[in-house]
$ cat coords06.pdb   # PDB, C-alpha atoms
ATOM      1  CA  MET A   1      -8.136  23.050  -7.703
ATOM      2  CA  LYS A   2      -6.545  20.020  -9.310
ATOM      3  CA  LYS A   3      -2.990  18.767  -8.967
ATOM      4  CA  VAL A   4      -1.305  15.917 -10.806
ATOM      5  CA  LYS A   5       1.285  13.877  -8.985
ATOM      6  CA  ILE A   6       2.565  10.302  -9.102
ATOM      7  CA  PHE A   7       3.742   8.491  -5.968
ATOM      8  CA  PHE A   8       5.462   5.166  -5.510
ATOM      9  CA  ASN A   9       5.575   5.487  -1.758
ATOM     10  CA  ILE A  10       2.287   5.541   0.116
ATOM     11  CA  GLU A  11       3.794   7.311   3.131
ATOM     12  CA  LYS A  12       5.218  10.129   1.009
ATOM     13  CA  GLU A  13       1.790  10.451  -0.597
ATOM     14  CA  GLU A  14       0.195  10.708   2.852
ATOM     15  CA  GLN A  15       2.719  13.353   3.931
ATOM     16  CA  TRP A  16       2.091  15.372   0.781
ATOM     17  CA  LEU A  17      -1.707  15.253   1.224
ATOM     18  CA  ASN A  18      -1.355  16.397   4.830
ATOM     19  CA  SER A  19       0.974  19.225   3.823
ATOM     20  CA  GLN A  20      -1.761  20.414   1.420
ATOM     21  CA  LEU A  21      -4.242  20.264   4.314
ATOM     22  CA  GLN A  22      -1.962  22.471   6.371
ATOM     23  CA  LYS A  23      -2.067  25.031   3.577
ATOM     24  CA  GLY A  24      -5.861  24.947   3.922
ATOM     25  CA  TYR A  25      -6.698  22.630   1.043
ATOM     26  CA  ARG A  26      -8.838  19.576   1.570
ATOM     27  CA  CYS A  27      -8.607  16.638  -0.795
ATOM     28  CA  THR A  28     -12.023  15.704  -2.172
ATOM     29  CA  ASN A  29     -11.122  13.162  -4.824
ATOM     30  CA  VAL A  30      -8.237  11.070  -6.099
ATOM     31  CA  SER A  31      -8.300   9.550  -9.563
ATOM     32  CA  SER A  32      -6.396   6.432 -10.574
ATOM     33  CA  LEU A  33      -4.274   8.503 -12.943
ATOM     34  CA  GLY A  34      -2.844  10.621 -10.147
ATOM     35  CA  VAL A  35      -5.165  13.629 -10.338
ATOM     36  CA  TYR A  36      -5.915  15.041  -6.882
ATOM     37  CA  THR A  37      -8.846  17.411  -6.458
ATOM     38  CA  PHE A  38      -8.677  19.962  -3.621
ATOM     39  CA  GLU A  39     -11.035  22.550  -2.211
ATOM     40  CA  LYS A  40     -10.364  25.451   0.157
ATOM     41  CA  SER A  41     -11.400  24.618   3.701
ATOM     42  CA  ASP A  42     -11.463  26.508   7.004
ATOM     43  CA  VAL A  43     -11.761  23.358   9.088
ATOM     44  CA  GLU A  44      -8.614  21.444   9.952
ATOM     45  CA  TYR A  45      -8.560  17.904   8.614
ATOM     46  CA  VAL A  46      -6.074  15.042   8.697
ATOM     47  CA  MET A  47      -5.648  12.372   6.079
ATOM     48  CA  ARG A  48      -4.525   8.772   6.546
ATOM     49  CA  LEU A  49      -3.848   6.141   3.887
ATOM     50  CA  ASP A  50      -4.577   2.503   4.528
ATOM     51  CA  TYR A  51      -3.802  -0.398   2.232
ATOM     52  CA  GLN A  52      -6.403  -3.162   1.875
ATOM     53  CA  GLU A  53      -6.595  -5.461  -1.110
ATOM     54  CA  ARG A  54      -9.588  -7.308  -2.489
ATOM     55  CA  LEU A  55     -12.236  -5.573  -0.436
ATOM     56  CA  THR A  56     -15.521  -5.614  -2.291
ATOM     57  CA  GLY A  57     -19.242  -5.749  -1.607
ATOM     58  CA  GLN A  58     -20.196  -6.691   1.907
ATOM     59  CA  ARG A  59     -16.622  -6.790   3.230
ATOM     60  CA  LEU A  60     -15.897  -3.299   1.921
ATOM     61  CA  GLU A  61     -19.081  -2.014   3.595
ATOM     62  CA  GLU A  62     -18.011  -3.528   6.932
ATOM     63  CA  TYR A  63     -14.535  -2.031   6.615
ATOM     64  CA  LYS A  64     -15.955   1.400   5.770
ATOM     65  CA  GLY A  65     -18.590   1.090   8.509
ATOM     66  CA  ILE A  66     -16.022   0.670  11.271
ATOM     67  CA  TYR A  67     -13.874   3.592  10.099
ATOM     68  CA  GLU A  68     -16.928   5.813   9.642
ATOM     69  CA  ASP A  69     -18.053   5.111  13.206
ATOM     70  CA  PHE A  70     -14.698   6.508  14.330
ATOM     71  CA  GLY A  71     -15.367   9.715  12.369
ATOM     72  CA  TRP A  72     -13.367   8.939   9.223
ATOM     73  CA  ARG A  73     -14.718   9.858   5.795
ATOM     74  CA  TYR A  74     -13.896   7.591   2.868
ATOM     75  CA  VAL A  75     -12.436   9.939   0.254
ATOM     76  CA  LYS A  76     -11.581   7.294  -2.261
ATOM     77  CA  GLY A  77     -10.497   3.715  -2.647
ATOM     78  CA  THR A  78      -8.769   2.578  -5.769
ATOM     79  CA  PRO A  79      -9.888  -1.020  -6.329
ATOM     80  CA  LEU A  80      -6.960  -1.586  -8.674
ATOM     81  CA  ASN A  81      -4.205  -1.049  -6.144
ATOM     82  CA  GLY A  82      -5.942  -1.168  -2.772
ATOM     83  CA  ILE A  83      -4.962   2.216  -1.335
ATOM     84  CA  ARG A  84      -7.757   3.611   0.861
ATOM     85  CA  TYR A  85      -7.881   7.355   1.459
ATOM     86  CA  TRP A  86      -9.376   8.422   4.797
ATOM     87  CA  GLN A  87     -10.023  11.922   6.078
ATOM     88  CA  LYS A  88     -11.338  13.281   9.344
ATOM     89  CA  LYS A  89     -11.501  16.482  11.342
ATOM     90  CA  ASN A  90      -8.364  17.074  13.334
ATOM     91  CA  ASP A  91      -8.883  16.100  16.979
ATOM     92  CA  HIS A  92      -6.742  14.204  19.441
ATOM     93  CA  ARG A  93      -7.560  10.835  17.803
ATOM     94  CA  ASN A  94      -5.924  11.172  14.414
ATOM     95  CA  GLU A  95      -4.317   7.774  13.863
ATOM     96  CA  ILE A  96      -5.787   4.698  12.209
ATOM     97  CA  PHE A  97      -3.449   2.303  14.050
ATOM     98  CA  SER A  98      -3.127   2.281  17.821
ATOM     99  CA  ASP A  99      -0.688  -0.562  18.406
ATOM    100  CA  ARG A 100       2.606  -1.874  17.107
ATOM    101  CA  ASP A 101       1.212  -5.144  15.702
ATOM    102  CA  SER A 102      -1.380  -3.519  13.477
ATOM    103  CA  LYS A 103       1.160  -0.981  12.209
ATOM    104  CA  ALA A 104       3.600  -3.824  11.429
ATOM    105  CA  ASN A 105       0.830  -5.697   9.577
ATOM    106  CA  TYR A 106       0.197  -2.558   7.567
ATOM    107  CA  TYR A 107       3.847  -2.439   6.458
ATOM    108  CA  GLN A 108       3.646  -6.122   5.602
ATOM    109  CA  ARG A 109       0.686  -5.437   3.292
ATOM    110  CA  LEU A 110       2.685  -2.631   1.673
ATOM    111  CA  MET A 111       5.637  -4.983   1.147
ATOM    112  CA  LYS A 112       3.392  -7.486  -0.614
ATOM    113  CA  TYR A 113       1.935  -4.740  -2.780
ATOM    114  CA  SER A 114       5.335  -3.377  -3.905
ATOM    115  CA  PHE A 115       6.664  -6.881  -4.411
ATOM    116  CA  TRP A 116       3.888  -7.898  -6.822
ATOM    117  CA  LEU A 117       3.909  -4.671  -8.802
ATOM    118  CA  GLY A 118       7.708  -4.821  -9.010
ATOM    119  CA  THR A 119       7.619  -8.457 -10.171
ATOM    120  CA  MET A 120       4.995  -7.601 -12.790
ATOM    121  CA  CYS A 121       7.117  -4.760 -14.171
ATOM    122  CA  LEU A 122      10.197  -6.952 -14.157
ATOM    123  CA  THR A 123       8.423  -9.692 -16.126
ATOM    124  CA  PHE A 124       7.141  -7.107 -18.571
ATOM    125  CA  SER A 125      10.661  -5.670 -18.936
ATOM    126  CA  PHE A 126      12.079  -9.092 -19.807
ATOM    127  CA  LEU A 127       9.410  -9.632 -22.454
ATOM    128  CA  LEU A 128      10.088  -6.179 -23.849
ATOM    129  CA  TYR A 129      13.876  -6.397 -23.967
ATOM    130  CA  SER A 130      14.460 -10.054 -24.801
ATOM    131  CA  ASP A 131      13.535  -9.960 -28.511
ATOM    132  CA  THR A 132      14.991  -6.578 -29.535
ATOM    133  CA  GLY A 133      17.902  -4.369 -28.604
ATOM    134  CA  LEU A 134      17.283  -0.893 -27.239
ATOM    135  CA  TYR A 135      18.336   0.758 -30.516
ATOM    136  CA  HIS A 136      17.871  -0.597 -34.050
ATOM    137  CA  GLU A 137      20.854  -2.727 -34.975
ATOM    138  CA  ASN A 138      21.784  -0.870 -38.145
ATOM    139  CA  ILE A 139      22.196   2.393 -36.224
ATOM    140  CA  TRP A 140      25.657   1.201 -35.100
ATOM    141  CA  ARG A 141      26.764   0.821 -38.719
ATOM    142  CA  MET A 142      26.008   4.474 -39.520
ATOM    143  CA  GLU A 143      28.690   7.134 -39.482
ATOM    144  CA  GLY A 144      29.050  10.838 -38.681
ATOM    145  CA  SER A 145      26.028  13.117 -38.686
ATOM    146  CA  MET A 146      23.820  10.318 -39.992
ATOM    147  CA  PHE A 147      24.552   8.323 -36.841
ATOM    148  CA  TRP A 148      23.893  11.250 -34.517
ATOM    149  CA  LYS A 149      20.622  12.138 -36.211
ATOM    150  CA  ALA A 150      19.380   8.564 -35.914
ATOM    151  CA  PHE A 151      20.705   8.347 -32.364
ATOM    152  CA  ILE A 152      18.920  11.512 -31.271
ATOM    153  CA  PHE A 153      15.757  10.434 -33.078
ATOM    154  CA  GLU A 154      15.682   7.028 -31.387
ATOM    155  CA  THR A 155      16.706   8.055 -27.890
ATOM    156  CA  PRO A 156      13.225   9.220 -26.722
ATOM    157  CA  PHE A 157      11.856   5.818 -27.735
ATOM    158  CA  VAL A 158      14.637   4.087 -25.835
ATOM    159  CA  VAL A 159      13.788   6.123 -22.717
ATOM    160  CA  LEU A 160      10.155   5.097 -23.157
ATOM    161  CA  LYS A 161      11.211   1.471 -23.503
ATOM    162  CA  LEU A 162      13.240   1.712 -20.293
ATOM    163  CA  PHE A 163      10.213   2.981 -18.365
ATOM    164  CA  PRO A 164       9.117  -0.457 -17.005
ATOM    165  CA  LEU A 165      12.648  -0.989 -15.698
ATOM    166  CA  LEU A 166      12.484   2.408 -14.021
ATOM    167  CA  LEU A 167       9.242   1.295 -12.350
ATOM    168  CA  VAL A 168      10.996  -1.845 -11.093
ATOM    169  CA  GLY A 169      13.466   0.502  -9.387
ATOM    170  CA  PHE A 170      10.717   2.586  -7.784
ATOM    171  CA  PHE A 171       8.817  -0.438  -6.496
ATOM    172  CA  SER A 172      11.997  -2.044  -5.157
ATOM    173  CA  SER A 173      12.742   1.108  -3.231
ATOM    174  CA  SER A 174       9.226   1.299  -1.757
ATOM    175  CA  TYR A 175       9.476  -2.397  -0.867
ATOM    176  CA  TYR A 176      12.716  -1.712   0.962
ATOM    177  CA  THR A 177      11.235   1.274   2.816
ATOM    178  CA  ALA A 178       8.262  -0.806   4.018
ATOM    179  CA  TYR A 179      10.587  -3.685   4.917
ATOM    180  CA  ARG A 180      12.744  -1.425   7.112
ATOM    181  CA  GLN A 181       9.704   0.032   8.901
ATOM    182  CA  HIS A 182       8.293  -3.461   9.412
ATOM    183  CA  ARG A 183      11.569  -4.763  10.823
ATOM    184  CA  ALA A 184      11.969  -1.780  13.134
ATOM    185  CA  LEU A 185       8.510  -2.427  14.614
ATOM    186  CA  LYS A 186       9.133  -6.149  15.031
ATOM    187  CA  GLU A 187      12.539  -5.761  16.649
ATOM    188  CA  ASN A 188      11.710  -3.337  19.436
TER     189      ASN A 188
ATOM    190  CA  MET B   1       3.210 -25.467  18.942
ATOM    191  CA  LYS B   2       1.844 -22.386  20.583
ATOM    192  CA  HIS B   3      -0.768 -20.447  18.567
ATOM    193  CA  LYS B   4       0.864 -17.608  16.620
ATOM    194  CA  LEU B   5      -1.340 -15.004  18.325
ATOM    195  CA  LEU B   6      -0.249 -16.149  21.809
ATOM    196  CA  PRO B   7       0.575 -14.632  24.208
ATOM    197  CA  LEU B   8      -2.222 -12.198  23.404
ATOM    198  CA  SER B   9      -1.375  -8.604  22.604
ATOM    199  CA  GLU B  10      -2.988  -6.020  24.868
ATOM    200  CA  THR B  11      -5.376  -5.100  22.020
ATOM    201  CA  MET B  12      -6.551  -8.676  21.391
ATOM    202  CA  HIS B  13      -6.778  -9.416  25.093
ATOM    203  CA  TYR B  14      -9.072  -6.466  25.736
ATOM    204  CA  ILE B  15     -11.218  -7.224  22.672
ATOM    205  CA  LEU B  16     -11.807 -10.825  23.793
ATOM    206  CA  LEU B  17     -12.676  -9.655  27.299
ATOM    207  CA  ALA B  18     -15.049  -6.981  25.956
ATOM    208  CA  LEU B  19     -16.782  -9.460  23.631
ATOM    209  CA  ARG B  20     -17.994 -11.670  26.459
ATOM    210  CA  GLU B  21     -21.139  -9.637  25.697
ATOM    211  CA  PRO B  22     -22.333  -8.992  22.104
ATOM    212  CA  LEU B  23     -21.083  -5.627  20.803
ATOM    213  CA  HIS B  24     -20.507  -3.895  17.453
ATOM    214  CA  GLY B  25     -17.089  -2.528  16.490
ATOM    215  CA  TYR B  26     -17.345   1.016  17.813
ATOM    216  CA  ALA B  27     -18.957  -0.182  21.062
ATOM    217  CA  VAL B  28     -15.965  -2.515  21.554
ATOM    218  CA  MET B  29     -13.659   0.519  21.453
ATOM    219  CA  GLN B  30     -15.865   2.414  23.940
ATOM    220  CA  LYS B  31     -16.136  -0.558  26.275
ATOM    221  CA  ILE B  32     -12.343  -1.037  26.232
ATOM    222  CA  GLU B  33     -11.716   2.632  26.929
ATOM    223  CA  GLU B  34     -13.993   2.253  29.951
ATOM    224  CA  ILE B  35     -12.659  -1.042  31.364
ATOM    225  CA  SER B  36      -9.015  -0.017  30.840
ATOM    226  CA  ASN B  37      -9.637   3.248  32.721
ATOM    227  CA  GLY B  38      -8.894   5.199  29.555
ATOM    228  CA  THR B  39      -5.455   3.672  29.003
ATOM    229  CA  VAL B  40      -6.316   1.625  25.894
ATOM    230  CA  ILE B  41      -7.996   3.544  23.097
ATOM    231  CA  LEU B  42      -8.229   1.522  19.886
ATOM    232  CA  ALA B  43      -7.978   3.184  16.478
ATOM    233  CA  ALA B  44     -10.224   2.167  13.579
ATOM    234  CA  GLY B  45      -7.644   0.239  11.536
ATOM    235  CA  THR B  46      -6.331  -1.654  14.545
ATOM    236  CA  LEU B  47      -9.837  -2.691  15.607
ATOM    237  CA  TYR B  48     -10.793  -3.698  12.059
ATOM    238  CA  GLY B  49      -7.650  -5.807  11.641
ATOM    239  CA  ALA B  50      -8.070  -7.499  15.017
ATOM    240  CA  ILE B  51     -11.732  -8.357  14.338
ATOM    241  CA  GLU B  52     -10.783  -9.787  10.920
ATOM    242  CA  ASN B  53      -7.936 -11.782  12.402
ATOM    243  CA  MET B  54      -9.853 -13.199  15.355
ATOM    244  CA  SER B  55     -12.895 -14.023  13.175
ATOM    245  CA  LYS B  56     -10.550 -15.936  10.881
ATOM    246  CA  HIS B  57      -9.344 -18.008  13.853
ATOM    247  CA  GLU B  58     -12.953 -18.359  15.054
ATOM    248  CA  TRP B  59     -12.259 -16.789  18.435
ATOM    249  CA  ILE B  60     -15.141 -14.406  17.829
ATOM    250  CA  GLU B  61     -18.163 -14.617  15.516
ATOM    251  CA  PRO B  62     -20.900 -12.345  14.157
ATOM    252  CA  VAL B  63     -24.139 -12.691  16.132
ATOM    253  CA  GLY B  64     -26.571 -10.491  14.191
ATOM    254  CA  ASN B  65     -26.876  -6.818  13.403
ATOM    255  CA  SER B  66     -27.613  -3.605  15.225
ATOM    256  CA  GLY B  67     -28.814  -1.359  12.401
ATOM    257  CA  ARG B  68     -26.151  -1.552   9.690
ATOM    258  CA  ARG B  69     -23.482  -2.596  12.198
ATOM    259  CA  LYS B  70     -22.412  -6.179  12.711
ATOM    260  CA  MET B  71     -22.401  -7.436  16.306
ATOM    261  CA  TYR B  72     -19.682  -9.820  17.465
ATOM    262  CA  MET B  73     -19.294 -12.157  20.404
ATOM    263  CA  ILE B  74     -16.640 -14.502  21.772
ATOM    264  CA  THR B  75     -16.842 -18.207  20.768
ATOM    265  CA  ALA B  76     -16.124 -21.302  22.887
ATOM    266  CA  GLU B  77     -12.630 -21.403  21.364
ATOM    267  CA  GLY B  78     -12.167 -17.739  22.275
ATOM    268  CA  ARG B  79     -13.097 -18.495  25.878
ATOM    269  CA  ARG B  80     -10.593 -21.350  25.907
ATOM    270  CA  ILE B  81      -7.891 -18.926  24.760
ATOM    271  CA  LEU B  82      -8.845 -16.530  27.573
ATOM    272  CA  GLN B  83      -8.529 -19.429  30.040
ATOM    273  CA  VAL B  84      -5.035 -20.244  28.755
ATOM    274  CA  GLU B  85      -4.069 -16.600  29.151
ATOM    275  CA  GLN B  86      -5.602 -16.350  32.603
ATOM    276  CA  ASP B  87      -3.587 -19.362  33.782
ATOM    277  CA  ARG B  88      -0.401 -17.883  32.320
ATOM    278  CA  LEU B  89      -0.989 -14.494  33.962
ATOM    279  CA  LEU B  90      -1.968 -16.046  37.313
ATOM    280  CA  HIS B  91       1.277 -17.961  37.311
ATOM    281  CA  ILE B  92       3.268 -14.805  36.609
ATOM    282  CA  LEU B  93       1.349 -12.983  39.354
ATOM    283  CA  SER B  94       2.179 -15.771  41.792
ATOM    284  CA  LEU B  95       5.853 -15.233  40.987
ATOM    285  CA  TYR B  96       5.436 -11.533  41.811
ATOM    286  CA  GLU B  97       3.903 -12.402  45.143
ATOM    287  CA  GLY B  98       6.300 -15.180  46.173
ATOM    288  CA  SER B  99       9.246 -14.158  48.359
ATOM    289  CA  GLU B 100      12.796 -14.476  47.038
ATOM    290  CA  SER B 101      13.690 -17.193  49.553
ATOM    291  CA  ASP B 102      10.901 -19.374  48.067
ATOM    292  CA  GLU B 103      12.472 -19.084  44.629
ATOM    293  CA  GLU B 104      15.837 -20.159  45.980
ATOM    294  CA  GLY B 105      14.326 -23.039  47.982
TER     295      GLY B 105
END

$ encode --input "coords06.pdb" --output "structure tokens"
Amino acid sequence: MKKVKIFFNIEKEEQWLNSQLQKGYRCTNVSSLGVYTFEKSDVEYVMRLDYQERLTGQRLEEYKGIYEDFGWRYVKGTPLNGIRYWQKKNDHRNEIFSDRDSKANYYQRLMKYSFWLGTMCLTFSFLLYSDTGLYHENIWRMEGSMFWKAFIFETPFVVLKLFPLLLVGFFSSSYYTAYRQHRALKEN
Amino acid sequence: MKHKLLPLSETMHYILLALREPLHGYAVMQKIEEISNGTVILAAGTLYGAIENMSKHEWIEPVGNSGRRKMYMITAEGRRILQVEQDRLLHILSLYEGSESDEEG
């Protein structure tokens, strides 16, 4: 079974994957384009998402080696954005972080991730919007049904053009979520 | 200024103590479970992060392999950190043991 879903919040993604597990579906693959592959499973599993950037070659093997010793199976890592998908059989040791510091560091990595993606989208938005208006200029000189036809025709393109700005919004909100979690852990 | 990892967190403290003998990652977790009487059970991500962090500060170092697993051990700098922590904790313990009249005097 395949499902397509896009997440901007790694914790929501983790919750969703675990809710699928509770329905008896185990995630076997995640593609970069947001396609999740599931298979029916009788065994109870849990899934945890870690975020680790720039892990390649030997360092990636060491990282995977430690998790695998603890019984985790590496479902997928997306080298482009650094999210690492881990799955293991449900027992009493289901967490990947056992202390406050490491959990806070995890939120700090997430903050950095959202910040850079958000900044990238913002830069892209500026480049996209600085040289042209959202609609063609002469559309405002049209009248009556001519105007409305052109307006309706152009609107889907305008929505498409606004997409990077929408992404800026999503990444800002996931930055803020991670920031609040990080602060809560550091304060107590 | 005091090192940013000081005073040591319980996790780091136990890892440094466990690595006075060479061990690989998973064995560090097992050793700590044993010496803490089952009260400290490290998770994979926490152990990985701590090993990365302490290797970066050269408190521990790789000392060969056991199969595909890397073995780690405490360095001289790591032992110095443990000494600093021991002195700090001994001082606090002495405050526990002293009577209140001593503190006033």

$ closest_residue --input "coords06.pdb" --among "A:Trp116, A:Phe170, A:Trp86, A:Tyr129" --to "chain B" --atoms "only C-alpha atoms"
A:Trp86

$ resolve_selection --input "coords06.pdb" --expression "the PyMOL selection byres ((chain A) within 9 of (chain B))" --output "number ranges by chain"
A: 50, 62-63, 65-70, 72, 93-99, 101-103, 105

$ resolve_selection --input "coords06.pdb" --expression "the PyMOL selection byres ((chain B and resi 2-7) around 12)" --output "VMD selection string"
(chain A and resid 101) or (chain B and resid 1 8 to 13 50 53 to 54 56 to 57 59 78 81 to 89)

$ atom_distance --input "coords06.pdb" --atom1 "atom CA of B:Leu19" --atom2 "atom CA of B:Met73"
4.9 Å

$ atom_distance --input "coords06.pdb" --atom1 "atom CA of A:Glu143" --atom2 "atom CA of A:Ser130"
26.7 Å

$ residues_around --input "coords06.pdb" --residues "A:Tyr51" --least-positions-apart "4" --cutoff "6 Å" --atoms "only C-alpha atoms" --output "NGL selection string"
:A and (82-84)

$ closest_atom_pairs --input "coords06.pdb" --of "stretch 97-166 of chain A" --to "stretch 9-15 of chain A" --cutoff "12 Å" --atoms "only C-alpha atoms" --output "tab-separated table"
residue	atom	partner	partner_atom	distance
A:Tyr106	CA	A:Ile10	CA	11.2
A:Tyr107	CA	A:Glu11	CA	10.3
A:Arg109	CA	A:Ile10	CA	11.5
A:Leu110	CA	A:Ile10	CA	8.3
A:Met111	CA	A:Asn9	CA	10.9
A:Tyr113	CA	A:Ile10	CA	10.7
A:Ser114	CA	A:Asn9	CA	9.1

$ residues_around --input "coords06.pdb" --residues "A:Trp140" --least-positions-apart "4" --cutoff "10 Å" --atoms "only C-alpha atoms" --output "number ranges by chain"
A: 135-136, 147, 150-151

$ resolve_selection --input "coords06.pdb" --expression "the PyMOL selection byres ((chain B and resi 63) around 8)" --output "PDB file with C-alpha atoms, keeping the file's coordinate frame"
ATOM      1  CA  PRO B  22     -22.333  -8.992  22.104  1.00  0.00           C
ATOM      2  CA  GLU B  61     -18.163 -14.617  15.516  1.00  0.00           C
ATOM      3  CA  PRO B  62     -20.900 -12.345  14.157  1.00  0.00           C
ATOM      4  CA  GLY B  64     -26.571 -10.491  14.191  1.00  0.00           C
ATOM      5  CA  ASN B  65     -26.876  -6.818  13.403  1.00  0.00           C
ATOM      6  CA  LYS B  70     -22.412  -6.179  12.711  1.00  0.00           C
ATOM      7  CA  MET B  71     -22.401  -7.436  16.306  1.00  0.00           C
ATOM      8  CA  TYR B  72     -19.682  -9.820  17.465  1.00  0.00           C
ATOM      9  CA  MET B  73     -19.294 -12.157  20.404  1.00  0.00           C
TER      10      MET B  73
END

$ atom_distance --input "coords06.pdb" --atom1 "atom CA of A:Lys23" --atom2 "atom CA of A:Val35"
18.3 Å

$ axis_aligned_box --input "coords06.pdb" --around "stretch 76-80 of chain B" --padding-each-side "4 Å" --output "lines of an AutoDock Vina configuration file"
center_x = -13.4
center_y = -19.6
center_z = 23.6
size_x = 13.5
size_y = 11.7
size_z = 12.5

$ residues_around --input "coords06.pdb" --residues "A:Leu162" --least-positions-apart "4" --cutoff "12 Å" --atoms "only C-alpha atoms" --output "PyMOL selection string"
chain A and resi 121-122+124-126+128-129+133-135+155-158+166-169

$ residues_around --input "coords06.pdb" --residues "A:Ser41" --least-positions-apart "5" --cutoff "8 Å" --atoms "all atoms listed in the file" --output "list of chain:residue names"
A:Gly24, A:Tyr25, A:Arg26
